[in-house]
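Below is my_file12.txt, which holds compact mmCIF, N, CA and C atoms.
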```txt
# COMPACT_ATOMS: atom_id res chain seq x y z
N MET A 55 -100.06 71.87 -32.40
CA MET A 55 -100.60 73.13 -31.94
C MET A 55 -99.51 74.19 -31.89
N ASN A 56 -99.90 75.41 -32.14
CA ASN A 56 -98.99 76.53 -32.10
C ASN A 56 -98.76 76.93 -30.65
N SER A 57 -97.50 76.93 -30.21
CA SER A 57 -97.21 77.28 -28.82
C SER A 57 -96.79 78.74 -28.67
N GLU A 58 -96.91 79.50 -29.74
CA GLU A 58 -96.57 80.92 -29.70
C GLU A 58 -97.78 81.71 -29.21
N LYS A 59 -97.51 82.67 -28.33
CA LYS A 59 -98.60 83.48 -27.78
C LYS A 59 -99.05 84.52 -28.80
N GLN A 60 -100.37 84.66 -28.90
CA GLN A 60 -101.00 85.64 -29.77
C GLN A 60 -101.83 86.59 -28.92
N ALA A 61 -102.08 87.77 -29.44
CA ALA A 61 -102.95 88.72 -28.74
C ALA A 61 -104.41 88.44 -29.08
N TYR A 62 -105.26 88.46 -28.06
CA TYR A 62 -106.69 88.28 -28.22
C TYR A 62 -107.41 89.28 -27.31
N PHE A 63 -108.67 89.50 -27.60
CA PHE A 63 -109.50 90.36 -26.78
C PHE A 63 -110.67 89.55 -26.25
N VAL A 64 -110.85 89.59 -24.94
CA VAL A 64 -111.92 88.86 -24.28
C VAL A 64 -113.03 89.85 -23.97
N ASP A 65 -114.20 89.58 -24.51
CA ASP A 65 -115.38 90.42 -24.29
C ASP A 65 -116.31 89.64 -23.36
N LEU A 66 -116.34 90.03 -22.09
CA LEU A 66 -117.16 89.31 -21.12
C LEU A 66 -118.65 89.58 -21.29
N VAL A 67 -119.01 90.66 -21.97
CA VAL A 67 -120.42 90.95 -22.20
C VAL A 67 -121.01 89.90 -23.15
N SER A 68 -120.30 89.63 -24.24
CA SER A 68 -120.80 88.66 -25.22
C SER A 68 -120.25 87.26 -24.99
N GLY A 69 -119.16 87.16 -24.22
CA GLY A 69 -118.52 85.86 -24.01
C GLY A 69 -117.63 85.45 -25.16
N ASP A 70 -117.26 86.41 -26.00
CA ASP A 70 -116.44 86.12 -27.18
C ASP A 70 -114.96 86.36 -26.91
N ILE A 71 -114.14 85.63 -27.65
CA ILE A 71 -112.70 85.88 -27.70
C ILE A 71 -112.40 86.26 -29.14
N LEU A 72 -111.87 87.45 -29.32
CA LEU A 72 -111.69 88.01 -30.66
C LEU A 72 -110.24 88.36 -30.92
N GLU A 73 -109.89 88.42 -32.19
CA GLU A 73 -108.55 88.86 -32.55
C GLU A 73 -108.43 90.37 -32.51
N LYS A 74 -109.55 91.07 -32.66
CA LYS A 74 -109.59 92.51 -32.43
C LYS A 74 -110.98 92.87 -31.93
N PRO A 75 -111.06 93.88 -31.08
CA PRO A 75 -112.37 94.20 -30.49
C PRO A 75 -113.34 94.70 -31.55
N LEU A 76 -114.59 94.22 -31.48
CA LEU A 76 -115.60 94.64 -32.44
C LEU A 76 -116.34 95.89 -31.98
N ILE A 77 -116.68 95.93 -30.71
CA ILE A 77 -117.46 97.04 -30.18
C ILE A 77 -116.62 97.72 -29.12
N GLU A 78 -116.25 98.94 -29.38
CA GLU A 78 -115.39 99.66 -28.45
C GLU A 78 -116.07 99.95 -27.12
N GLU A 79 -117.42 100.01 -27.11
CA GLU A 79 -118.13 100.32 -25.87
C GLU A 79 -118.05 99.17 -24.86
N ASN A 80 -117.95 97.95 -25.35
CA ASN A 80 -117.88 96.81 -24.44
C ASN A 80 -116.48 96.72 -23.85
N PRO A 81 -116.40 96.41 -22.56
CA PRO A 81 -115.07 96.25 -21.98
C PRO A 81 -114.39 95.02 -22.56
N ASN A 82 -113.20 95.21 -23.04
CA ASN A 82 -112.42 94.12 -23.61
C ASN A 82 -111.10 94.02 -22.85
N PHE A 83 -110.70 92.80 -22.58
CA PHE A 83 -109.42 92.56 -21.93
C PHE A 83 -108.47 92.00 -22.97
N ARG A 84 -107.30 92.59 -23.09
CA ARG A 84 -106.28 92.07 -24.01
C ARG A 84 -105.49 91.00 -23.25
N ILE A 85 -105.40 89.83 -23.86
CA ILE A 85 -104.61 88.74 -23.29
C ILE A 85 -103.61 88.27 -24.35
N TYR A 86 -102.59 87.58 -23.89
CA TYR A 86 -101.61 86.95 -24.77
C TYR A 86 -101.58 85.48 -24.39
N ALA A 87 -102.05 84.63 -25.30
CA ALA A 87 -102.21 83.22 -24.97
C ALA A 87 -101.84 82.33 -26.16
N THR A 88 -101.44 81.10 -25.82
CA THR A 88 -101.23 80.07 -26.83
C THR A 88 -102.58 79.49 -27.20
N GLU A 89 -102.60 78.65 -28.21
CA GLU A 89 -103.87 78.00 -28.60
C GLU A 89 -104.41 77.13 -27.48
N GLU A 90 -103.53 76.47 -26.76
CA GLU A 90 -103.95 75.61 -25.64
C GLU A 90 -104.54 76.45 -24.51
N GLU A 91 -103.89 77.55 -24.17
CA GLU A 91 -104.40 78.44 -23.13
C GLU A 91 -105.74 79.05 -23.55
N LEU A 92 -105.84 79.37 -24.82
CA LEU A 92 -107.07 79.93 -25.35
C LEU A 92 -108.21 78.91 -25.27
N ALA A 93 -107.91 77.65 -25.56
CA ALA A 93 -108.91 76.59 -25.47
C ALA A 93 -109.41 76.45 -24.04
N ASP A 94 -108.53 76.59 -23.05
CA ASP A 94 -108.93 76.51 -21.65
C ASP A 94 -109.85 77.68 -21.30
N LEU A 95 -109.53 78.86 -21.76
CA LEU A 95 -110.38 80.02 -21.50
C LEU A 95 -111.75 79.85 -22.16
N LYS A 96 -111.78 79.34 -23.38
CA LYS A 96 -113.06 79.10 -24.05
C LYS A 96 -113.92 78.11 -23.27
N LEU A 97 -113.29 77.07 -22.75
CA LEU A 97 -114.01 76.08 -21.94
C LEU A 97 -114.59 76.75 -20.69
N GLN A 98 -113.83 77.60 -20.05
CA GLN A 98 -114.32 78.29 -18.86
C GLN A 98 -115.47 79.23 -19.20
N LEU A 99 -115.39 79.89 -20.35
CA LEU A 99 -116.48 80.77 -20.78
C LEU A 99 -117.75 79.96 -21.04
N GLU A 100 -117.61 78.76 -21.62
CA GLU A 100 -118.77 77.90 -21.85
C GLU A 100 -119.38 77.44 -20.52
N LYS A 101 -118.53 77.08 -19.56
CA LYS A 101 -119.01 76.67 -18.24
C LYS A 101 -119.75 77.82 -17.57
N SER A 102 -119.22 79.02 -17.72
CA SER A 102 -119.86 80.20 -17.13
C SER A 102 -121.23 80.44 -17.76
N HIS A 103 -121.31 80.27 -19.07
CA HIS A 103 -122.59 80.46 -19.77
C HIS A 103 -123.62 79.44 -19.27
N THR A 104 -123.20 78.19 -19.11
CA THR A 104 -124.09 77.15 -18.61
C THR A 104 -124.55 77.48 -17.19
N ALA A 105 -123.61 77.90 -16.35
CA ALA A 105 -123.96 78.27 -14.97
C ALA A 105 -124.91 79.47 -14.96
N ASP A 106 -124.71 80.40 -15.88
CA ASP A 106 -125.59 81.57 -15.98
C ASP A 106 -127.01 81.14 -16.33
N LEU A 107 -127.13 80.22 -17.27
CA LEU A 107 -128.47 79.73 -17.64
C LEU A 107 -129.16 79.04 -16.47
N GLN A 108 -128.41 78.24 -15.73
CA GLN A 108 -128.98 77.55 -14.58
C GLN A 108 -129.41 78.55 -13.51
N ALA A 109 -128.60 79.59 -13.31
CA ALA A 109 -128.96 80.62 -12.33
C ALA A 109 -130.20 81.39 -12.79
N HIS A 110 -130.31 81.61 -14.08
CA HIS A 110 -131.48 82.31 -14.61
C HIS A 110 -132.75 81.48 -14.37
N ILE A 111 -132.67 80.20 -14.61
CA ILE A 111 -133.83 79.33 -14.39
C ILE A 111 -134.22 79.38 -12.92
N ARG A 112 -133.23 79.35 -12.03
CA ARG A 112 -133.52 79.43 -10.60
C ARG A 112 -134.16 80.77 -10.25
N SER A 113 -133.78 81.84 -10.95
CA SER A 113 -134.33 83.16 -10.63
C SER A 113 -135.84 83.24 -10.87
N LEU A 114 -136.36 82.31 -11.63
CA LEU A 114 -137.80 82.28 -11.89
C LEU A 114 -138.58 81.66 -10.73
N ILE A 115 -137.85 81.15 -9.74
CA ILE A 115 -138.47 80.57 -8.55
C ILE A 115 -138.28 81.57 -7.41
N PRO A 116 -139.28 82.36 -7.11
CA PRO A 116 -139.09 83.49 -6.20
C PRO A 116 -138.84 83.12 -4.74
N TYR A 117 -139.16 81.93 -4.31
CA TYR A 117 -139.02 81.61 -2.89
C TYR A 117 -137.64 81.05 -2.53
N VAL A 118 -136.72 80.91 -3.49
CA VAL A 118 -135.37 80.45 -3.19
C VAL A 118 -134.46 81.68 -3.07
N PRO A 119 -133.95 81.96 -1.87
CA PRO A 119 -133.10 83.14 -1.70
C PRO A 119 -131.79 83.01 -2.45
N TYR A 120 -131.31 84.13 -2.98
CA TYR A 120 -130.07 84.16 -3.77
C TYR A 120 -128.89 83.62 -2.97
N HIS A 121 -128.77 84.01 -1.73
CA HIS A 121 -127.61 83.62 -0.92
C HIS A 121 -127.62 82.14 -0.52
N LYS A 122 -128.69 81.42 -0.83
CA LYS A 122 -128.75 79.99 -0.54
C LYS A 122 -128.98 79.22 -1.84
N ASP A 123 -128.31 79.65 -2.89
CA ASP A 123 -128.60 79.11 -4.21
C ASP A 123 -127.32 78.62 -4.89
N LYS A 124 -127.20 77.31 -5.05
CA LYS A 124 -126.00 76.72 -5.63
C LYS A 124 -125.74 77.17 -7.07
N PRO A 125 -126.74 77.26 -7.96
CA PRO A 125 -126.45 77.74 -9.32
C PRO A 125 -125.82 79.14 -9.34
N ASN A 126 -126.28 80.03 -8.47
CA ASN A 126 -125.67 81.36 -8.42
C ASN A 126 -124.23 81.28 -7.92
N ASP A 127 -123.98 80.43 -6.94
CA ASP A 127 -122.62 80.26 -6.43
C ASP A 127 -121.71 79.71 -7.52
N GLN A 128 -122.22 78.76 -8.31
CA GLN A 128 -121.43 78.20 -9.41
C GLN A 128 -121.12 79.26 -10.46
N TYR A 129 -122.11 80.09 -10.76
CA TYR A 129 -121.89 81.16 -11.74
C TYR A 129 -120.85 82.15 -11.22
N ASP A 130 -120.98 82.54 -9.96
CA ASP A 130 -120.02 83.47 -9.38
C ASP A 130 -118.61 82.89 -9.41
N ALA A 131 -118.48 81.61 -9.06
CA ALA A 131 -117.17 80.95 -9.06
C ALA A 131 -116.61 80.86 -10.47
N SER A 132 -117.46 80.61 -11.46
CA SER A 132 -116.97 80.51 -12.84
C SER A 132 -116.47 81.87 -13.34
N LEU A 133 -117.16 82.93 -12.97
CA LEU A 133 -116.71 84.27 -13.34
C LEU A 133 -115.37 84.60 -12.69
N LYS A 134 -115.23 84.23 -11.45
CA LYS A 134 -113.97 84.48 -10.74
C LYS A 134 -112.83 83.72 -11.41
N HIS A 135 -113.10 82.50 -11.83
CA HIS A 135 -112.08 81.71 -12.52
C HIS A 135 -111.69 82.37 -13.85
N ILE A 136 -112.66 82.89 -14.57
CA ILE A 136 -112.37 83.58 -15.83
C ILE A 136 -111.50 84.81 -15.58
N TYR A 137 -111.84 85.58 -14.55
CA TYR A 137 -111.02 86.75 -14.22
C TYR A 137 -109.60 86.33 -13.84
N ALA A 138 -109.44 85.19 -13.18
CA ALA A 138 -108.10 84.71 -12.82
C ALA A 138 -107.30 84.36 -14.08
N ILE A 139 -107.95 83.74 -15.05
CA ILE A 139 -107.27 83.42 -16.30
C ILE A 139 -106.88 84.70 -17.03
N ILE A 140 -107.80 85.65 -17.08
CA ILE A 140 -107.50 86.93 -17.73
C ILE A 140 -106.34 87.61 -17.01
N TYR A 141 -106.33 87.54 -15.69
CA TYR A 141 -105.24 88.14 -14.92
C TYR A 141 -103.91 87.48 -15.28
N GLN A 142 -103.93 86.17 -15.41
CA GLN A 142 -102.71 85.43 -15.70
C GLN A 142 -102.15 85.76 -17.08
N TYR A 143 -103.02 85.88 -18.08
CA TYR A 143 -102.57 86.08 -19.46
C TYR A 143 -102.74 87.52 -19.94
N GLY A 144 -103.35 88.35 -19.12
CA GLY A 144 -103.70 89.70 -19.56
C GLY A 144 -102.55 90.68 -19.56
N ASP A 145 -102.78 91.80 -20.24
CA ASP A 145 -101.80 92.87 -20.26
C ASP A 145 -101.90 93.67 -18.95
N GLU A 146 -101.06 94.67 -18.81
CA GLU A 146 -101.02 95.45 -17.57
C GLU A 146 -102.35 96.14 -17.26
N GLU A 147 -103.03 96.63 -18.29
CA GLU A 147 -104.32 97.29 -18.10
C GLU A 147 -105.36 96.32 -17.55
N ALA A 148 -105.38 95.10 -18.07
CA ALA A 148 -106.33 94.09 -17.59
C ALA A 148 -106.04 93.75 -16.13
N ARG A 149 -104.77 93.56 -15.80
CA ARG A 149 -104.40 93.23 -14.43
C ARG A 149 -104.74 94.37 -13.47
N ARG A 150 -104.49 95.58 -13.89
CA ARG A 150 -104.78 96.73 -13.04
C ARG A 150 -106.29 96.80 -12.75
N PHE A 151 -107.12 96.60 -13.79
CA PHE A 151 -108.57 96.63 -13.60
C PHE A 151 -109.02 95.54 -12.63
N ILE A 152 -108.50 94.35 -12.81
CA ILE A 152 -108.89 93.22 -11.95
C ILE A 152 -108.43 93.47 -10.51
N ASP A 153 -107.24 94.04 -10.34
CA ASP A 153 -106.79 94.41 -8.99
C ASP A 153 -107.72 95.45 -8.38
N GLU A 154 -108.15 96.42 -9.17
CA GLU A 154 -109.01 97.50 -8.67
C GLU A 154 -110.37 96.99 -8.22
N ILE A 155 -110.95 96.05 -8.96
CA ILE A 155 -112.27 95.55 -8.55
C ILE A 155 -112.17 94.53 -7.43
N GLY A 156 -111.00 93.96 -7.23
CA GLY A 156 -110.76 93.08 -6.09
C GLY A 156 -111.43 91.73 -6.14
N ILE A 157 -111.85 91.29 -7.30
CA ILE A 157 -112.58 90.02 -7.40
C ILE A 157 -111.73 88.81 -7.01
N LEU A 158 -110.43 88.89 -7.20
CA LEU A 158 -109.57 87.75 -6.86
C LEU A 158 -109.15 87.75 -5.40
N GLU A 159 -109.48 88.81 -4.68
CA GLU A 159 -109.14 88.90 -3.26
C GLU A 159 -110.24 88.37 -2.36
N ASP A 160 -111.44 88.23 -2.88
CA ASP A 160 -112.60 87.77 -2.11
C ASP A 160 -112.47 86.26 -1.89
N ASN A 161 -112.50 85.82 -0.67
CA ASN A 161 -112.35 84.39 -0.35
C ASN A 161 -113.68 83.67 -0.22
N LYS A 162 -114.72 84.22 -0.81
CA LYS A 162 -116.06 83.67 -0.66
C LYS A 162 -116.29 82.37 -1.44
N PHE A 163 -115.62 82.19 -2.55
CA PHE A 163 -115.96 81.11 -3.45
C PHE A 163 -115.00 79.93 -3.35
N GLU A 164 -115.48 78.78 -3.79
CA GLU A 164 -114.67 77.57 -3.84
C GLU A 164 -113.58 77.73 -4.90
N GLY A 165 -112.49 76.99 -4.73
CA GLY A 165 -111.43 77.02 -5.73
C GLY A 165 -110.46 78.17 -5.56
N ASP A 166 -110.49 78.86 -4.42
CA ASP A 166 -109.62 80.00 -4.22
C ASP A 166 -108.15 79.62 -4.27
N GLU A 167 -107.80 78.42 -3.84
CA GLU A 167 -106.40 78.00 -3.89
C GLU A 167 -105.89 77.97 -5.33
N ASP A 168 -106.72 77.45 -6.24
CA ASP A 168 -106.34 77.43 -7.65
C ASP A 168 -106.19 78.84 -8.19
N ILE A 169 -107.07 79.74 -7.78
CA ILE A 169 -107.03 81.12 -8.24
C ILE A 169 -105.74 81.79 -7.75
N LYS A 170 -105.38 81.57 -6.49
CA LYS A 170 -104.17 82.18 -5.94
C LYS A 170 -102.94 81.70 -6.71
N LYS A 171 -102.93 80.45 -7.12
CA LYS A 171 -101.79 79.93 -7.89
C LYS A 171 -101.70 80.63 -9.25
N MET A 172 -102.84 80.95 -9.83
CA MET A 172 -102.86 81.60 -11.15
C MET A 172 -102.38 83.04 -11.05
N LYS A 173 -102.67 83.67 -9.94
CA LYS A 173 -102.30 85.07 -9.75
C LYS A 173 -100.85 85.14 -9.39
```
Before anything else, please render the file you have as structure tokens.
Amino acid sequence: MNSEKQAYFVDLVSGDILEKPLIEENPNFRIYATEEELADLKLQLEKSHTADLQAHIRSLIPYVPYHKDKPNDQYDASLKHIYAIIYQYGDEEARRFIDEIGILEDNKFEGDEDIKKMK
């Protein structure tokens, strides 16, 4: 595997990792990652997609409140993990945006210790 870091763009709208951004309107985060780091991010994006589908299925059941719903909690935690990875490998603009939205400062989700180590 190539251990040299390459520039990539992470599009959270589509869940794609690209060598250059395709749609300028979509928010893209520039990261610098090795192939191994990129594989970890892809795995996290897949987990997030799966959690999103499970949360969507749950949303079709109107009597289960959002705040008492494990699939939604898993989806939220997966997104937070993705933002932590982007923060770790991202450029200054990506880090500044993530700091501004404060997603890594919220202690609501499981796995916060791992996130703090990444930051």
Residue set, region 79-159 of chain A restricted to strand (DSSP E), as a PyMOL selection string: chain A and resi 82-87
Using only C-alpha atoms: which of A:Leu158, A:Leu133, A:Leu99, A:Ile140 has the shortest distance to Ile85 (chain A):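 With only C-alpha atoms as the atom set, the closest residue is A:Ile140.
The interatomic distance for the pair CA of His110 (chain A) and CA of Ala138 (chain A) works out to 23.6 Å.
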Atom-to-atom span, atom N of Asp65 (chain A) and atom C of Gln108 (chain A), Å: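 Atom N of Asp65 (chain A) sits 21.8 Å away from atom C of Gln108 (chain A).
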Straight-line distance linking CA of Leu95 (chain A) with CA of Lys134 (chain A), stated in Å to one decimal: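 Computed distance, CA of Leu95 (chain A) to CA of Lys134 (chain A), equals 12.2 Å.
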Protein, DNA and RNA residues within 5 Å of (-108.9, 89.4, -24.2), only N, CA and C atoms, as a ChimeraX atom specification: /A:62-64,83-85
Within 8 Å of Tyr141 (chain A) using all atoms listed in the file, minus same-chain residues under 4 positions, as a VMD selection string: chain A and resid 85 135 to 137 145 148 to 150 152 to 153 172 to 173
